[in-house]
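Asks: Take this structure, written in structure tokens, and hold onto it; I'll ask about it next.
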Amino acid sequence: MKRFFFQSKKTPSPQLGADGRQFFFLHIPKTAGISFAAFLCSHFEQTEILQGSYWEVIRKRPISELSTYRLITGHIGYDLVFHLKNPFVITILRHPVDRLCSLYEYLNQVFDREPNTIASDPDINALNQLWKIAVRRSLPEFLESTEAPVLAALLQNPQARQLAQATPYLLTDLSDEQLFQLAKSRLSKIEVVGTADSFANTVNVTCRKTGWGLPEDFSRYNLNITEKRPVRDLLDKSLRQKIERMCAVDTELYHLAQKRLLDDLRE
């Protein structure tokens with residue numbers, strides 16, 4: 001599947017702390033992350049950025065290479081933090097119902113435009129092929145796509161899994177309560193926790209905590225927006241409730257993120 005890389009004019013970035021810090025944007029899919037990554041990338045030279053990667057790709061390279069980057073973004077689990085130098089971590093959460101519907105719509109659009117999508121990494125290519133099969137089903141059938149573990153993980157609390165696991169595409173033997181407690185603990189250690197529906201406020205808090213200036217024009221970062229909303233607009237009550245049951249842990253984390261963002265804005 002196509003990954004996105006941005007060429008932006010660099011604004012000199014401050015050295016956070018005596019030795020500087022590595023920035024890690026834990027990019028949860030379909031949470032305005034492409035737009036937010038563009039904002040982050042505008043503060044660094046392109047050579048300082050490792051962008052659009054999966055943990056499945058990164059772990060096949062020497063981990064020591066990570067120290068050469070000032071900004072790392074991608075669909076990577078929180079465990080990457082343990083390989084970074086004094087990391088400044090940022091993430092964005094989204095209401096599970098909106099996020100899952102957006103993901104379903106987006107993947108359908110991707111495979112409509114690129115029906116024979118082939119990823120260079122065989123593990124990512126395998127994931128793509130499973131997703132392609134799943135999203136060709138109707139939404140009710142898609143929500144039942146648990147015949148493969150990676151599909152079940154895609155549907156059942158994926159935001160919590162990305163916070164709690166090295167890779168979000170795995171089912172583990174963690175109970176929902178254990179998954180929630182681990183994800184909650186890690187969320188509390190992240191410097192900036194934003195929400196997709198408060199993009200401007202998330203940028204505001206990030207600028208405040210880094211010393212960066214607020215962008216004059218937020219519209220330049222409105223990227224990768226799903227083109228249509230038929231699924232969300234027509235979602236009936238029973239399907240909404242089904243998603244909420246499947247993603248009960250994600251819902252709790254989203255509410256924590258909302259509160260955290262408001263608290264940071266009040267400071």
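By convention here, the chains of the structure tokens are called A, B, ... in the order presented, each chain's residues are numbered starting at 1, and ligands are numbered starting at 1 in the order presented.
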Using the chain letters and numbers from this document, which residues of stretch 8-234 of chain A does DSSP assign to strand (DSSP E or B), as a ChimeraX atom specification?

Replies: /A:23-26,49-54,71-75,88-93,192-195

Asks: Please save N, CA and C atoms of the selected residues as a compact mmCIF listing (two decimals), in the first residue's frame.

Replies:
# COMPACT_ATOMS: atom_id res chain seq x y z
N PHE A 23 11.77 12.59 18.42
CA PHE A 23 10.32 12.67 18.38
C PHE A 23 9.77 11.38 17.78
N PHE A 24 8.77 10.83 18.42
CA PHE A 24 8.11 9.62 17.93
C PHE A 24 6.62 9.89 17.87
N PHE A 25 6.08 9.89 16.65
CA PHE A 25 4.63 10.03 16.47
C PHE A 25 4.06 8.64 16.27
N LEU A 26 3.39 8.14 17.29
CA LEU A 26 2.73 6.84 17.24
C LEU A 26 1.44 7.02 16.46
N ILE A 49 14.21 12.43 9.13
CA ILE A 49 12.89 11.83 9.31
C ILE A 49 12.85 10.39 8.80
N LEU A 50 12.29 9.53 9.61
CA LEU A 50 11.91 8.18 9.17
C LEU A 50 10.39 8.14 9.25
N GLN A 51 9.74 8.12 8.09
CA GLN A 51 8.30 8.32 8.04
C GLN A 51 7.59 7.20 7.31
N GLY A 52 6.37 6.91 7.77
CA GLY A 52 5.51 5.98 7.05
C GLY A 52 5.93 4.55 7.15
N SER A 53 6.59 4.16 8.24
CA SER A 53 7.06 2.79 8.37
C SER A 53 6.20 1.98 9.33
N TYR A 54 6.25 0.67 9.16
CA TYR A 54 5.64 -0.27 10.09
C TYR A 54 6.75 -0.90 10.94
N LEU A 71 12.98 12.46 13.97
CA LEU A 71 11.54 12.24 13.97
C LEU A 71 11.24 10.89 13.33
N ILE A 72 10.47 10.07 14.03
CA ILE A 72 10.02 8.79 13.50
C ILE A 72 8.51 8.75 13.59
N THR A 73 7.85 8.47 12.48
CA THR A 73 6.40 8.35 12.48
C THR A 73 6.02 7.06 11.77
N GLY A 74 4.90 6.47 12.16
CA GLY A 74 4.43 5.28 11.48
C GLY A 74 3.45 4.49 12.31
N HIS A 75 2.90 3.45 11.71
CA HIS A 75 1.95 2.57 12.40
C HIS A 75 2.75 1.57 13.25
N PHE A 88 10.33 12.03 22.76
CA PHE A 88 9.17 12.90 22.95
C PHE A 88 8.06 12.27 22.12
N VAL A 89 7.07 11.67 22.79
CA VAL A 89 6.08 10.84 22.11
C VAL A 89 4.76 11.60 21.96
N ILE A 90 4.15 11.43 20.81
CA ILE A 90 2.87 12.06 20.48
C ILE A 90 1.97 11.00 19.87
N THR A 91 0.69 11.04 20.22
CA THR A 91 -0.27 10.17 19.54
C THR A 91 -1.63 10.86 19.48
N ILE A 92 -2.48 10.37 18.60
CA ILE A 92 -3.83 10.90 18.42
C ILE A 92 -4.81 9.74 18.41
N LEU A 93 -5.89 9.87 19.18
CA LEU A 93 -6.93 8.85 19.21
C LEU A 93 -8.20 9.39 18.56
N VAL A 192 2.23 14.27 24.36
CA VAL A 192 1.06 14.91 23.76
C VAL A 192 0.08 13.83 23.35
N VAL A 193 -1.14 13.91 23.89
CA VAL A 193 -2.22 13.00 23.51
C VAL A 193 -3.34 13.86 22.93
N GLY A 194 -3.60 13.68 21.65
CA GLY A 194 -4.63 14.47 21.00
C GLY A 194 -5.79 13.62 20.54
N THR A 195 -6.78 14.27 19.93
CA THR A 195 -7.92 13.56 19.35
C THR A 195 -8.13 14.07 17.93

Asks: May I have a table of the residues of stretch 85-118 of chain A lying at most 12 Å from stretch 140-146 of chain A, giving each one's closest pair of atoms and their distance in Å to one decimal, counting only C-alpha atoms, ordered by chain and ascending residue number, as JSON lines?

Replies:
{"residue": "A:Val97", "atom": "CA", "partner": "A:Leu143", "partner_atom": "CA", "distance": 11.6}
{"residue": "A:Leu100", "atom": "CA", "partner": "A:Leu143", "partner_atom": "CA", "distance": 9.5}
{"residue": "A:Cys101", "atom": "CA", "partner": "A:Leu143", "partner_atom": "CA", "distance": 10.3}
{"residue": "A:Leu103", "atom": "CA", "partner": "A:Phe142", "partner_atom": "CA", "distance": 11.3}
{"residue": "A:Tyr104", "atom": "CA", "partner": "A:Phe142", "partner_atom": "CA", "distance": 8.3}
{"residue": "A:Glu105", "atom": "CA", "partner": "A:Phe142", "partner_atom": "CA", "distance": 11.3}
{"residue": "A:Leu107", "atom": "CA", "partner": "A:Phe142", "partner_atom": "CA", "distance": 11.8}
{"residue": "A:Asn108", "atom": "CA", "partner": "A:Phe142", "partner_atom": "CA", "distance": 11.5}

Asks: Could you save those same residues with all heavy atoms as a PDB file, in the first residue's frame?

Replies:
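This went into again-v8.pdb:
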ATOM      1  N   VAL A  97     -16.029   4.241  16.633  1.00  0.00           N
ATOM      2  CA  VAL A  97     -17.028   4.072  15.574  1.00  0.00           C
ATOM      3  C   VAL A  97     -16.612   4.855  14.335  1.00  0.00           C
ATOM      4  O   VAL A  97     -16.600   4.331  13.212  1.00  0.00           O
ATOM      5  CB  VAL A  97     -18.427   4.504  16.052  1.00  0.00           C
ATOM      6  CG1 VAL A  97     -19.418   4.479  14.884  1.00  0.00           C
ATOM      7  CG2 VAL A  97     -18.917   3.597  17.182  1.00  0.00           C
ATOM      8  N   LEU A 100     -13.328   3.245  12.741  1.00  0.00           N
ATOM      9  CA  LEU A 100     -13.500   1.983  12.031  1.00  0.00           C
ATOM     10  C   LEU A 100     -14.249   2.179  10.715  1.00  0.00           C
ATOM     11  O   LEU A 100     -13.892   1.593   9.687  1.00  0.00           O
ATOM     12  CB  LEU A 100     -14.227   0.973  12.913  1.00  0.00           C
ATOM     13  CG  LEU A 100     -14.306  -0.458  12.372  1.00  0.00           C
ATOM     14  CD1 LEU A 100     -12.910  -1.007  12.091  1.00  0.00           C
ATOM     15  CD2 LEU A 100     -15.028  -1.371  13.346  1.00  0.00           C
ATOM     16  N   CYS A 101     -15.269   3.023  10.727  1.00  0.00           N
ATOM     17  CA  CYS A 101     -15.992   3.306   9.480  1.00  0.00           C
ATOM     18  C   CYS A 101     -15.078   3.996   8.474  1.00  0.00           C
ATOM     19  O   CYS A 101     -15.096   3.680   7.281  1.00  0.00           O
ATOM     20  CB  CYS A 101     -17.206   4.181   9.775  1.00  0.00           C
ATOM     21  SG  CYS A 101     -18.553   3.334  10.635  1.00  0.00           S
ATOM     22  N   LEU A 103     -11.825   3.732   8.303  1.00  0.00           N
ATOM     23  CA  LEU A 103     -10.864   2.745   7.822  1.00  0.00           C
ATOM     24  C   LEU A 103     -11.484   1.868   6.738  1.00  0.00           C
ATOM     25  O   LEU A 103     -10.855   1.600   5.704  1.00  0.00           O
ATOM     26  CB  LEU A 103     -10.388   1.879   8.983  1.00  0.00           C
ATOM     27  CG  LEU A 103      -9.385   0.776   8.636  1.00  0.00           C
ATOM     28  CD1 LEU A 103      -8.069   1.382   8.150  1.00  0.00           C
ATOM     29  CD2 LEU A 103      -9.148  -0.134   9.838  1.00  0.00           C
ATOM     30  N   TYR A 104     -12.701   1.418   6.966  1.00  0.00           N
ATOM     31  CA  TYR A 104     -13.405   0.578   5.994  1.00  0.00           C
ATOM     32  C   TYR A 104     -13.573   1.320   4.666  1.00  0.00           C
ATOM     33  O   TYR A 104     -13.303   0.785   3.587  1.00  0.00           O
ATOM     34  CB  TYR A 104     -14.755   0.183   6.580  1.00  0.00           C
ATOM     35  CG  TYR A 104     -15.655  -0.596   5.646  1.00  0.00           C
ATOM     36  CD1 TYR A 104     -15.433  -1.950   5.406  1.00  0.00           C
ATOM     37  CD2 TYR A 104     -16.743   0.017   5.032  1.00  0.00           C
ATOM     38  CE1 TYR A 104     -16.265  -2.672   4.559  1.00  0.00           C
ATOM     39  CE2 TYR A 104     -17.583  -0.684   4.190  1.00  0.00           C
ATOM     40  CZ  TYR A 104     -17.348  -2.034   3.955  1.00  0.00           C
ATOM     41  OH  TYR A 104     -18.175  -2.743   3.120  1.00  0.00           O
ATOM     42  N   GLU A 105     -13.992   2.586   4.746  1.00  0.00           N
ATOM     43  CA  GLU A 105     -14.181   3.380   3.532  1.00  0.00           C
ATOM     44  C   GLU A 105     -12.852   3.637   2.829  1.00  0.00           C
ATOM     45  O   GLU A 105     -12.742   3.533   1.599  1.00  0.00           O
ATOM     46  CB  GLU A 105     -14.844   4.716   3.893  1.00  0.00           C
ATOM     47  CG  GLU A 105     -16.266   4.570   4.422  1.00  0.00           C
ATOM     48  CD  GLU A 105     -16.774   5.853   5.073  1.00  0.00           C
ATOM     49  OE1 GLU A 105     -15.948   6.721   5.408  1.00  0.00           O
ATOM     50  OE2 GLU A 105     -17.994   5.974   5.257  1.00  0.00           O
ATOM     51  N   LEU A 107      -9.922   1.940   2.970  1.00  0.00           N
ATOM     52  CA  LEU A 107      -9.325   0.767   2.348  1.00  0.00           C
ATOM     53  C   LEU A 107     -10.056   0.387   1.064  1.00  0.00           C
ATOM     54  O   LEU A 107      -9.437  -0.029   0.076  1.00  0.00           O
ATOM     55  CB  LEU A 107      -9.318  -0.411   3.330  1.00  0.00           C
ATOM     56  CG  LEU A 107      -8.329  -0.299   4.493  1.00  0.00           C
ATOM     57  CD1 LEU A 107      -8.505  -1.466   5.454  1.00  0.00           C
ATOM     58  CD2 LEU A 107      -6.895  -0.230   3.993  1.00  0.00           C
ATOM     59  N   ASN A 108     -11.373   0.542   1.054  1.00  0.00           N
ATOM     60  CA  ASN A 108     -12.118   0.290  -0.182  1.00  0.00           C
ATOM     61  C   ASN A 108     -11.662   1.233  -1.291  1.00  0.00           C
ATOM     62  O   ASN A 108     -11.486   0.822  -2.447  1.00  0.00           O
ATOM     63  CB  ASN A 108     -13.618   0.447   0.066  1.00  0.00           C
ATOM     64  CG  ASN A 108     -14.281  -0.876   0.403  1.00  0.00           C
ATOM     65  OD1 ASN A 108     -14.328  -1.774  -0.432  1.00  0.00           O
ATOM     66  ND2 ASN A 108     -14.766  -1.007   1.623  1.00  0.00           N
TER      67      ASN A 108
END

Asks: Find the distance between atom CA of A:Glu114 and atom CA of A:Arg137 and write it in Å to one decimal.

Replies: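 Calculated distance between atom CA of A:Glu114 and atom CA of A:Arg137 is 17.3 Å.
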
Asks: Write out as a ChimeraX atom specification the residues lying within 6 Å of stretch 153-163 of chain A, counting only C-alpha atoms and excluding same-chain residues fewer than 3 positions away.

Replies: /A:77-78,150,168-171,183,246-247,250

Asks: Select, from A:Pro215, A:Thr202, A:Gln181, A:Asn116, the residue with the minimum atom-to-atom distance to A:Asp263, counting only C-alpha atoms.

Replies: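 Looking only at the distances to A:Asp263, the closest residue turns out to be A:Thr202.
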
Asks: What's the 10 Å shell around A:Asn204, counting only C-alpha atoms, without same-chain residues fewer than 5 positions away, as a list in words?

Replies: Gly194, Ser198, Phe199, Lys209, Trp212, Gly213, Leu214, Pro215, Asp264 and Leu265 of chain A

Asks: The selected residues should be written to file as a short mmCIF file (atom, residue, chain, number, x, y, z; two decimals), in the first residue's frame (atoms: C-alpha atoms).

Replies:
data_model
loop_
_atom_site.label_atom_id
_atom_site.label_comp_id
_atom_site.auth_asym_id
_atom_site.auth_seq_id
_atom_site.Cartn_x
_atom_site.Cartn_y
_atom_site.Cartn_z
CA GLY A 194 -4.63 14.47 21.00
CA SER A 198 -9.70 18.38 17.90
CA PHE A 199 -6.87 18.59 15.39
CA LYS A 209 5.18 21.86 24.71
CA TRP A 212 7.24 25.81 18.08
CA GLY A 213 5.18 28.62 16.61
CA LEU A 214 1.55 27.96 15.72
CA PRO A 215 1.00 27.50 11.96
CA ASP A 264 -3.35 20.36 28.68
CA LEU A 265 -5.21 23.22 27.03
#

Asks: Need the shell around A:Ala37: protein/DNA/RNA residues with any atom at most 9 Å away, counting only C-alpha atoms. Skip same-chain ones fewer than 2 positions apart. Format as a list in words?

Replies: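 Near neighbours after the sequence-gap exclusion: Phe6, Phe25, His27, Ala32, Gly33, Ile34, Ser35, Phe39, Leu40, Cys41, Ser42, Gln51, Thr73, Gly74 and Tyr221 of chain A.
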
Asks: Write the residues of the selection above to a file with all heavy atoms, as a JSON list (two decimals), in the first residue's frame.

Replies:
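Writing done, so here's result13.json:
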[["chain", "number", "residue", "atom", "x", "y", "z"],
["A", 6, "PHE", "N", 6.45, 13.58, 2.79],
["A", 6, "PHE", "CA", 6.19, 14.98, 2.53],
["A", 6, "PHE", "C", 7.50, 15.75, 2.42],
["A", 6, "PHE", "O", 8.40, 15.59, 3.24],
["A", 6, "PHE", "CB", 5.35, 15.61, 3.64],
["A", 6, "PHE", "CG", 3.99, 14.99, 3.75],
["A", 6, "PHE", "CD1", 3.75, 13.96, 4.65],
["A", 6, "PHE", "CD2", 2.96, 15.40, 2.94],
["A", 6, "PHE", "CE1", 2.51, 13.37, 4.74],
["A", 6, "PHE", "CE2", 1.72, 14.82, 3.02],
["A", 6, "PHE", "CZ", 1.50, 13.80, 3.92],
["A", 25, "PHE", "N", 6.08, 9.89, 16.65],
["A", 25, "PHE", "CA", 4.63, 10.03, 16.47],
["A", 25, "PHE", "C", 4.06, 8.64, 16.27],
["A", 25, "PHE", "O", 4.24, 8.02, 15.23],
["A", 25, "PHE", "CB", 4.31, 10.93, 15.28],
["A", 25, "PHE", "CG", 2.84, 11.02, 14.97],
["A", 25, "PHE", "CD1", 1.88, 11.13, 15.98],
["A", 25, "PHE", "CD2", 2.39, 11.00, 13.66],
["A", 25, "PHE", "CE1", 0.53, 11.20, 15.70],
["A", 25, "PHE", "CE2", 1.04, 11.07, 13.36],
["A", 25, "PHE", "CZ", 0.11, 11.17, 14.39],
["A", 27, "HIS", "N", 1.52, 6.72, 15.19],
["A", 27, "HIS", "CA", 0.44, 7.03, 14.24],
["A", 27, "HIS", "C", -0.57, 5.89, 14.18],
["A", 27, "HIS", "O", -0.33, 4.86, 13.54],
["A", 27, "HIS", "CB", 1.06, 7.29, 12.86],
["A", 27, "HIS", "CG", 0.06, 7.57, 11.79],
["A", 27, "HIS", "ND1", 0.40, 7.72, 10.46],
["A", 27, "HIS", "CD2", -1.30, 7.73, 11.81],
["A", 27, "HIS", "CE1", -0.68, 7.95, 9.73],
["A", 27, "HIS", "NE2", -1.73, 7.94, 10.54],
["A", 32, "ALA", "N", -6.38, 11.21, 11.59],
["A", 32, "ALA", "CA", -5.80, 12.47, 11.07],
["A", 32, "ALA", "C", -4.29, 12.44, 11.16],
["A", 32, "ALA", "O", -3.63, 13.48, 11.18],
["A", 32, "ALA", "CB", -6.36, 13.68, 11.80],
["A", 33, "GLY", "N", -3.71, 11.25, 11.20],
["A", 33, "GLY", "CA", -2.27, 11.11, 11.39],
["A", 33, "GLY", "C", -1.44, 11.59, 10.22],
["A", 33, "GLY", "O", -0.34, 12.12, 10.42],
["A", 34, "ILE", "N", -1.91, 11.38, 8.98],
["A", 34, "ILE", "CA", -1.15, 11.86, 7.82],
["A", 34, "ILE", "C", -1.05, 13.38, 7.87],
["A", 34, "ILE", "O", 0.01, 13.96, 7.62],
["A", 34, "ILE", "CB", -1.83, 11.41, 6.51],
["A", 34, "ILE", "CG1", -1.75, 9.89, 6.36],
["A", 34, "ILE", "CG2", -1.19, 12.10, 5.31],
["A", 34, "ILE", "CD1", -0.35, 9.36, 6.14],
["A", 35, "SER", "N", -2.15, 14.04, 8.21],
["A", 35, "SER", "CA", -2.13, 15.50, 8.33],
["A", 35, "SER", "C", -1.20, 15.96, 9.45],
["A", 35, "SER", "O", -0.41, 16.89, 9.29],
["A", 35, "SER", "CB", -3.55, 16.02, 8.59],
["A", 35, "SER", "OG", -4.41, 15.70, 7.52],
["A", 39, "PHE", "N", 2.51, 18.21, 9.53],
["A", 39, "PHE", "CA", 2.83, 19.32, 10.43],
["A", 39, "PHE", "C", 4.16, 19.07, 11.14],
["A", 39, "PHE", "O", 5.04, 19.94, 11.20],
["A", 39, "PHE", "CB", 1.70, 19.50, 11.45],
["A", 39, "PHE", "CG", 2.12, 20.19, 12.71],
["A", 39, "PHE", "CD1", 2.40, 21.55, 12.72],
["A", 39, "PHE", "CD2", 2.24, 19.48, 13.89],
["A", 39, "PHE", "CE1", 2.81, 22.18, 13.89],
["A", 39, "PHE", "CE2", 2.63, 20.10, 15.07],
["A", 39, "PHE", "CZ", 2.92, 21.46, 15.06],
["A", 40, "LEU", "N", 4.35, 17.86, 11.66],
["A", 40, "LEU", "CA", 5.59, 17.54, 12.36],
["A", 40, "LEU", "C", 6.79, 17.62, 11.42],
["A", 40, "LEU", "O", 7.84, 18.17, 11.77],
["A", 40, "LEU", "CB", 5.51, 16.13, 12.96],
["A", 40, "LEU", "CG", 4.56, 15.92, 14.13],
["A", 40, "LEU", "CD1", 4.53, 14.44, 14.53],
["A", 40, "LEU", "CD2", 4.96, 16.77, 15.33],
["A", 41, "CYS", "N", 6.64, 17.07, 10.21],
["A", 41, "CYS", "CA", 7.75, 17.01, 9.27],
["A", 41, "CYS", "C", 8.22, 18.40, 8.85],
["A", 41, "CYS", "O", 9.38, 18.57, 8.44],
["A", 41, "CYS", "CB", 7.37, 16.20, 8.05],
["A", 41, "CYS", "SG", 7.24, 14.42, 8.37],
["A", 42, "SER", "N", 7.35, 19.38, 8.94],
["A", 42, "SER", "CA", 7.74, 20.74, 8.54],
["A", 42, "SER", "C", 8.78, 21.33, 9.47],
["A", 42, "SER", "O", 9.35, 22.39, 9.17],
["A", 42, "SER", "CB", 6.50, 21.64, 8.48],
["A", 42, "SER", "OG", 5.98, 21.89, 9.78],
["A", 51, "GLN", "N", 9.74, 8.12, 8.09],
["A", 51, "GLN", "CA", 8.30, 8.32, 8.04],
["A", 51, "GLN", "C", 7.59, 7.20, 7.31],
["A", 51, "GLN", "O", 8.11, 6.62, 6.35],
["A", 51, "GLN", "CB", 7.97, 9.64, 7.34],
["A", 51, "GLN", "CG", 6.48, 9.97, 7.33],
["A", 51, "GLN", "CD", 6.20, 11.27, 6.61],
["A", 51, "GLN", "OE1", 7.09, 11.85, 6.01],
["A", 51, "GLN", "NE2", 4.97, 11.73, 6.65],
["A", 73, "THR", "N", 7.85, 8.47, 12.48],
["A", 73, "THR", "CA", 6.40, 8.35, 12.48],
["A", 73, "THR", "C", 6.02, 7.06, 11.77],
["A", 73, "THR", "O", 6.72, 6.60, 10.87],
["A", 73, "THR", "CB", 5.72, 9.53, 11.75],
["A", 73, "THR", "OG1", 5.73, 9.29, 10.33],
["A", 73, "THR", "CG2", 6.41, 10.84, 12.04],
["A", 74, "GLY", "N", 4.90, 6.47, 12.16],
["A", 74, "GLY", "CA", 4.43, 5.28, 11.48],
["A", 74, "GLY", "C", 3.45, 4.49, 12.31],
["A", 74, "GLY", "O", 3.17, 4.83, 13.47],
["A", 221, "TYR", "N", -2.50, 21.37, 6.06],
["A", 221, "TYR", "CA", -2.25, 20.05, 6.61],
["A", 221, "TYR", "C", -3.46, 19.11, 6.50],
["A", 221, "TYR", "O", -3.44, 18.02, 7.06],
["A", 221, "TYR", "CB", -1.82, 20.17, 8.08],
["A", 221, "TYR", "CG", -0.57, 21.00, 8.27],
["A", 221, "TYR", "CD1", -0.60, 22.17, 9.01],
["A", 221, "TYR", "CD2", 0.63, 20.62, 7.69],
["A", 221, "TYR", "CE1", 0.54, 22.93, 9.17],
["A", 221, "TYR", "CE2", 1.78, 21.39, 7.84],
["A", 221, "TYR", "CZ", 1.72, 22.54, 8.59],
["A", 221, "TYR", "OH", 2.85, 23.31, 8.75]]

Asks: Quick check, in Å to one decimal: how far apart do atom CA of A:Gln165 and atom CA of A:Trp131 lie?

Replies: 20.0 Å

Asks: Take atom CA of A:Pro149 and atom CA of A:Leu127 and report the distance between them in Å, one decimal.

Replies: 10.8 Å

Asks: When distances are computed from only C-alpha atoms, which of A:Ala119, A:Ala166, A:Asn222, A:Glu147 shows the smallest separation from A:Arg59?

Replies: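 Result for the nearest residue to A:Arg59: A:Ala166.
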
Asks: For the structure I just gave you, how does DSSP split stretch 111-241 of chain A - specifically, which residues are alpha helix (DSSP H)? Reply as a PyMOL selection string.

Replies: chain A and resi 111-113+122-135+139-142+149-155+158-164+176-189+199-210+230-234+237-241

Asks: Restricting the calculation to only C-alpha atoms: of A:Ala164, A:Leu139, A:Leu182, A:Ala200, which residue gets closest to A:Leu234?

Replies: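 Among the listed residues, the smallest separation from A:Leu234 belongs to A:Leu139.
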